[in-house]
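Worksheet: one structure, shown below.
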Protein chains: 2
Amino acid sequence: MRLILVAGATDTAKIDGISAAGADSELLAHTPSADLELVEYGSLVRAPELPVSPTGCPTPAAVTRAVRELLDLDFLAVDAGLSVPTGAPTVSVGAKRGRDVREADPVPTAPGSFLAARRLGRTLPDEELVVGETIPGGTTTALGTLRALGEEWTVSSSFPENPMELKSSVVAEGLDASGIDIGEFAYEPLLAVRAMGDPVLAVVAGLVAGALDAGKDVTLGGGTQMLAAAAVVRHEGVTGPLTLATTSYLADDVPALTAAADSLDAELVVTDPGFGERDDALSRYAAGEGKEGAGMGGALLLADRAGELERVAEKTVKVVDAAGGAHGP
Amino acid sequence: MRLILVAGATDTAKIDGISAAGADSELLAHTPSADLELVEYGSLVRAPELPVSPTGCPTPAAVTRAVRELLDLDFLAVDAGLSVPTGAPTVSVGAKRGRDVREADPVPTAPGSFLAARRLGRTLPDEELVVGETIPGGTTTALGTLRALGEEWTVSSSFPENPMELKSSVVAEGLDASGIDIGEFAYEPLLAVRAMGDPVLAVVAGLVAGALDAGKDVTLGGGTQMLAAAAVVRHEGVTGPLTLATTSYLADDVPALTAAADSLDAELVVTDPGFGERDDALSRYAAGEGKEGAGMGGALLLADRAGELERVAEKTVKVVDAAGGAHGP
């Protein structure tokens, strides 16, 4: 079993109000690189500080790191277009940072990096992979990809109040800039990601497709971005069992998630780490902040399976402390 | 504790008869990337096959992987100028493949990557680092660096018969091409590596310097290339305790190693994994093939310290088998 975190950037995240995956817009750019360092080392190496939301909710990568420590998980970080160098070791699949989806052809590396990731997913030695993502702005590009595929499902947000109107207008502008209609790239998912997605989506979908090719067990650890990745995989014609593992906070926010997972032949598993019963910063997750990301839902499923779910919250607080982050109420 | 493998390339390795770190000259280019995959995964992901010497002696990276499995070691791969993409995750420090030392300015990235590696060595969370290298042709560039520094020590070889005459003539040509005399870059080691070394030497020395800056324990796992790295560190004015951990096969080949280590204020530790008592391909190490590399000496020291040295040979055979390599007599 190996936990994989696919990290990258899209300039779509620079649109004001799109993402809560950083304390401010400057720090947002560091979040994927910092998340990788946190999961790899349990501390920051090149990143300036622990990623937190604007109100101080710690990155879900802290939860993933906590589970990694509890279960001694093998870990692989994949560079899917990082915009800032990371001190974590990464595999490259030729992905570059995505541009704003309101421009034409924002993710030209999508088809090539999908193929390289597919080969990587096929040849990794593990029989089971759990794949997560870290890319600020990723729910907007997930929405764009779903629309280009003609999938009707909606997406979640790292904010307590989902700025759906903003996201929808960004996606509408993007479809316009690319000159495509809703559903234009159904069953041509690499073109959908290239026109309306982000580099992380392409790489996650490639890894999953390759792992399924090789008969591996695959769990997508995450929310609606991972739903979009599953859609890409299915539209590419890849069959095989898929699990979508997410947090209760994300599932509460997206009532249609079960139906969406069903429609993509993915089994939905929801795990509640009990952060709502706490009086520190982790309780913000239960208030709808962060909700999911950096493989958190997948990590929680593994913790639950190993009977260690109860220890995750305390361990996460220790991870946040050790990495120098605040965890006040 | 973290085991670090620094991997890169120098075109000096393309000189016929310089290196035995590959079955033939084409496969030689894949050796560093394959070594990283073997130590990371225990199997090959992007590399075509298990690196072996021209006579079939398996790469010392198999020994390092065996020890990693026995002791469950944390591992970090650093890209110090790979010429072939690897499926192992790597950290970049801005190093590029080195050109042939017979050309002028073959390693322009040396000073910059030394500095980036020094910062990395300082900020890694571990209190102890064991650093190894994998770069075909590296003993010739080590010899060139020692000469540019004015250090008199000699270097070993991955061949049973060390082609010292060839190496010396390559170094003489290199000094000529760079227009420098022996000892010209004493106490200017970054210039020495830039003119006569390889990108791996710069990165190893940088990591070690940074780790010593931060008061970490540092073991150089390797032979005369690591001796050259120690020389770079000392000429840079960095003090602090250094251990040079190598194999008995390497130490047997370089009688002056103790004196050399002494002169650089490094403690020499020699470990014999008992491959000489075997009748399979590992016995070739005792016949002077391979001898050392990919952190083997450092890994053996760790195995010895943990009381697991006796299990290394059998485990190495299993690693070679699992990675699809031959291990006949």
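All residue names refer to the structure tokens as shown: chains lettered A, B, ... in order, residues numbered from 1 in each chain, ligands numbered from 1 in order.
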Show me, as an MDAnalysis selection string, the residues of chain A whose atoms get within 8 Å of chain B, using only C-alpha atoms for the distance check. chainID A and resid 41 43 45:46 76:78 86:92 120 123:125
Nearby residues (only C-alpha atoms) at most 10 Å from Pro48 of chain B, same-chain spacing under 6 positions excluded, as a list in words: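 My list of contacting residues is Leu27, His30, Thr31 and Ala34 of chain B.
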File dump, residues just selected, N, CA and C atoms, as a compact mmCIF listing (two decimals), in the first residue's frame:
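File out01.txt, as written:
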# COMPACT_ATOMS: atom_id res chain seq x y z
N LEU B 27 23.68 1.24 -21.05
CA LEU B 27 22.99 1.01 -19.78
C LEU B 27 23.61 1.82 -18.64
N HIS B 30 21.80 4.73 -17.35
CA HIS B 30 20.60 4.49 -16.55
C HIS B 30 20.91 4.16 -15.09
N THR B 31 22.17 3.88 -14.78
CA THR B 31 22.51 3.35 -13.46
C THR B 31 22.06 4.24 -12.29
N ALA B 34 18.27 4.10 -11.98
CA ALA B 34 17.86 2.76 -11.56
C ALA B 34 18.21 2.52 -10.09
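Contact shell of Gly150 of chain A at 12 Å (only C-alpha atoms; same-chain neighbours under 4 positions omitted): Leu143, Gly144, Thr145, Leu146, Thr154, Leu175, Ile180, Asp181, Ile182, Gly183, Glu184, Phe185, Ala186, Tyr187, Glu188, Pro189, Ala192, Ala228, Ala231, Val232 and His235 of chain A.
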If you run DSSP on the backbone here, which positions in segment 103-307 of chain A get strand (DSSP E)? Please write them as a PyMOL selection string. chain A and resi 128-134+217-221+242-247+266-271
Which of segment 147-313 of chain B counts as alpha helix (DSSP H) under DSSP, as a ChimeraX atom specification please? /B:147-149,164-178,189-196,199-213,224-235,248-253,257-263,283-286,296-305,312-313
Tell me which protein, DNA and RNA residues are within 10 Å of segment 272-281 of chain A, counting only C-alpha atoms, leaving out same-chain ones fewer than 3 positions away, and put them as number ranges by chain. A: 55-58, 63, 246-251, 284-287, 297, 300-301, 303-304, 309-314, 317, 326-329
Keeping only N, CA and C atoms, write those residues as a compact mmCIF listing (two decimals), in the first residue's frame.
# COMPACT_ATOMS: atom_id res chain seq x y z
N THR A 55 -8.72 31.89 8.49
CA THR A 55 -9.08 31.99 9.91
C THR A 55 -8.21 31.09 10.80
N GLY A 56 -7.20 30.42 10.22
CA GLY A 56 -6.26 29.67 11.04
C GLY A 56 -6.52 28.18 11.14
N CYS A 57 -7.41 27.65 10.31
CA CYS A 57 -7.67 26.20 10.31
C CYS A 57 -6.49 25.50 9.63
N PRO A 58 -5.84 24.55 10.31
CA PRO A 58 -4.64 23.94 9.72
C PRO A 58 -4.95 23.07 8.51
N VAL A 63 -3.47 16.15 8.94
CA VAL A 63 -4.21 14.93 9.26
C VAL A 63 -3.59 13.74 8.52
N THR A 246 -13.92 9.96 1.52
CA THR A 246 -13.92 11.37 1.89
C THR A 246 -14.30 11.54 3.36
N THR A 247 -14.24 12.80 3.81
CA THR A 247 -14.58 13.11 5.20
C THR A 247 -16.07 13.38 5.33
N SER A 248 -16.57 13.24 6.55
CA SER A 248 -17.98 13.55 6.82
C SER A 248 -18.27 15.04 6.55
N TYR A 249 -17.25 15.89 6.73
CA TYR A 249 -17.45 17.34 6.53
C TYR A 249 -17.71 17.66 5.07
N LEU A 250 -17.00 16.96 4.21
CA LEU A 250 -17.19 17.15 2.78
C LEU A 250 -18.53 16.55 2.35
N ALA A 251 -18.79 15.35 2.83
CA ALA A 251 -20.03 14.65 2.43
C ALA A 251 -21.25 15.44 2.88
N ARG A 284 -12.85 23.57 13.48
CA ARG A 284 -13.27 24.35 12.31
C ARG A 284 -13.65 23.45 11.14
N TYR A 285 -13.04 22.27 11.08
CA TYR A 285 -13.42 21.33 10.02
C TYR A 285 -14.91 21.02 10.10
N ALA A 286 -15.39 20.82 11.34
CA ALA A 286 -16.80 20.51 11.52
C ALA A 286 -17.68 21.72 11.22
N ALA A 287 -17.08 22.92 11.28
CA ALA A 287 -17.81 24.13 10.92
C ALA A 287 -17.73 24.39 9.41
N GLY A 297 -9.35 12.27 3.40
CA GLY A 297 -10.40 11.24 3.47
C GLY A 297 -9.85 9.84 3.28
N LEU A 300 -7.96 8.87 6.46
CA LEU A 300 -8.89 8.53 7.54
C LEU A 300 -9.48 7.13 7.34
N LEU A 301 -9.76 6.78 6.10
CA LEU A 301 -10.26 5.43 5.83
C LEU A 301 -9.24 4.38 6.27
N ALA A 303 -6.93 4.79 8.54
CA ALA A 303 -6.86 4.81 10.01
C ALA A 303 -8.01 4.02 10.60
N ASP A 304 -9.18 4.19 10.01
CA ASP A 304 -10.37 3.49 10.50
C ASP A 304 -10.21 1.98 10.32
N LEU A 309 -8.60 5.22 14.27
CA LEU A 309 -9.27 6.49 13.97
C LEU A 309 -9.34 7.41 15.19
N GLU A 310 -9.54 6.82 16.36
CA GLU A 310 -9.66 7.63 17.57
C GLU A 310 -8.40 8.41 17.92
N ARG A 311 -7.26 7.91 17.45
CA ARG A 311 -6.00 8.57 17.80
C ARG A 311 -5.62 9.68 16.84
N VAL A 312 -6.38 9.84 15.74
CA VAL A 312 -5.97 10.76 14.68
C VAL A 312 -5.98 12.21 15.15
N ALA A 313 -7.01 12.64 15.87
CA ALA A 313 -7.11 14.05 16.25
C ALA A 313 -5.92 14.47 17.13
N GLU A 314 -5.63 13.70 18.17
CA GLU A 314 -4.51 14.05 19.06
C GLU A 314 -3.19 14.07 18.29
N VAL A 317 -2.86 17.21 16.20
CA VAL A 317 -2.45 18.36 17.00
C VAL A 317 -0.94 18.33 17.23
N ALA A 326 0.03 27.16 14.67
CA ALA A 326 -0.84 27.49 15.80
C ALA A 326 -2.02 26.51 15.79
N HIS A 327 -2.60 26.25 16.93
CA HIS A 327 -3.80 25.41 16.95
C HIS A 327 -4.76 25.88 18.05
N GLY A 328 -4.78 27.20 18.24
CA GLY A 328 -5.68 27.77 19.23
C GLY A 328 -7.13 27.68 18.78
N PRO A 329 -8.05 28.06 19.64
CA PRO A 329 -9.47 27.93 19.30
C PRO A 329 -9.90 28.97 18.26
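Interatomic distance, atom CA of Gly221 of chain A to atom CA of Gly295 of chain A: 4.6 Å.
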Distance query Ser25 of chain B at most 12 Å, only C-alpha atoms, self and fewer than 5 positions along chain excluded, as an mmCIF file with N, CA and C atoms, in the first residue's frame:
data_model
loop_
_atom_site.group_PDB
_atom_site.id
_atom_site.type_symbol
_atom_site.label_atom_id
_atom_site.label_comp_id
_atom_site.auth_asym_id
_atom_site.auth_seq_id
_atom_site.Cartn_x
_atom_site.Cartn_y
_atom_site.Cartn_z
ATOM 1 N N ASP B 11 29.563 13.389 -18.118
ATOM 2 C CA ASP B 11 29.918 12.816 -19.419
ATOM 3 C C ASP B 11 31.307 12.194 -19.400
ATOM 4 N N THR B 12 32.060 12.455 -18.328
ATOM 5 C CA THR B 12 33.361 11.800 -18.164
ATOM 6 C C THR B 12 33.211 10.283 -18.190
ATOM 7 N N ALA B 13 32.043 9.791 -17.758
ATOM 8 C CA ALA B 13 31.797 8.346 -17.726
ATOM 9 C C ALA B 13 31.740 7.735 -19.116
ATOM 10 N N LYS B 14 31.552 8.586 -20.141
ATOM 11 C CA LYS B 14 31.463 8.049 -21.502
ATOM 12 C C LYS B 14 32.829 7.667 -22.071
ATOM 13 N N ILE B 15 33.899 8.076 -21.380
ATOM 14 C CA ILE B 15 35.238 7.702 -21.838
ATOM 15 C C ILE B 15 35.390 6.192 -21.665
ATOM 16 N N ASP B 16 35.767 5.531 -22.726
ATOM 17 C CA ASP B 16 35.850 4.071 -22.713
ATOM 18 C C ASP B 16 36.812 3.583 -21.633
ATOM 19 N N GLY B 17 36.329 2.633 -20.804
ATOM 20 C CA GLY B 17 37.198 2.022 -19.802
ATOM 21 C C GLY B 17 37.239 2.742 -18.471
ATOM 22 N N ILE B 18 36.448 3.805 -18.308
ATOM 23 C CA ILE B 18 36.477 4.591 -17.067
ATOM 24 C C ILE B 18 35.631 3.963 -15.971
ATOM 25 N N SER B 19 34.463 3.397 -16.328
ATOM 26 C CA SER B 19 33.520 2.958 -15.292
ATOM 27 C C SER B 19 32.956 1.571 -15.565
ATOM 28 N N ALA B 20 32.795 0.781 -14.479
ATOM 29 C CA ALA B 20 32.156 -0.537 -14.577
ATOM 30 C C ALA B 20 30.744 -0.501 -14.010
ATOM 31 N N HIS B 30 21.804 4.734 -17.351
ATOM 32 C CA HIS B 30 20.604 4.495 -16.550
ATOM 33 C C HIS B 30 20.914 4.156 -15.093
ATOM 34 N N THR B 31 22.170 3.876 -14.782
ATOM 35 C CA THR B 31 22.511 3.345 -13.456
ATOM 36 C C THR B 31 22.063 4.242 -12.294
ATOM 37 N N PRO B 51 20.933 -2.518 -12.612
ATOM 38 C CA PRO B 51 22.324 -2.261 -13.010
ATOM 39 C C PRO B 51 23.258 -3.381 -12.535
ATOM 40 N N VAL B 52 24.091 -3.821 -13.446
ATOM 41 C CA VAL B 52 25.129 -4.801 -13.126
ATOM 42 C C VAL B 52 26.423 -4.342 -13.794
ATOM 43 N N SER B 53 27.539 -4.877 -13.325
ATOM 44 C CA SER B 53 28.822 -4.597 -13.977
ATOM 45 C C SER B 53 28.883 -5.403 -15.280
ATOM 46 N N PRO B 54 29.886 -5.144 -16.133
ATOM 47 C CA PRO B 54 29.984 -5.901 -17.393
ATOM 48 C C PRO B 54 30.013 -7.414 -17.174
ATOM 49 N N PRO B 136 28.242 7.121 -12.281
ATOM 50 C CA PRO B 136 29.325 6.458 -13.013
ATOM 51 C C PRO B 136 30.385 7.478 -13.430
ATOM 52 N N GLY B 137 31.633 7.057 -13.370
ATOM 53 C CA GLY B 137 32.735 7.957 -13.702
ATOM 54 C C GLY B 137 33.155 8.840 -12.543
#
Non-local contacts of Ser158 of chain A (8 Å; only C-alpha atoms; under 2 positions in same chain excluded) as a list in words: Ser19, Ala20, Ala21, Ser156, Pro160, Asn162, Gly288, Glu289, Gly290, Lys291 and Glu292 of chain A
Could you state the separation of atom CA of Ala23 of chain A and atom CA of Pro60 of chain A in Å, given to one decimal place?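 That distance, rounded to one decimal, is 13.8 Å.
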Long-range neighbours of segment 197-202 of chain B as a PyMOL selection string, 8 Å cut-off, only C-alpha atoms, 2 positions minimum in chain: chain B and resi 6-10+80-81+95-98+101+106-107+109-111+113-114+133-135+138+141-142+144-145+190+192-195+204-206+225-226+228-229
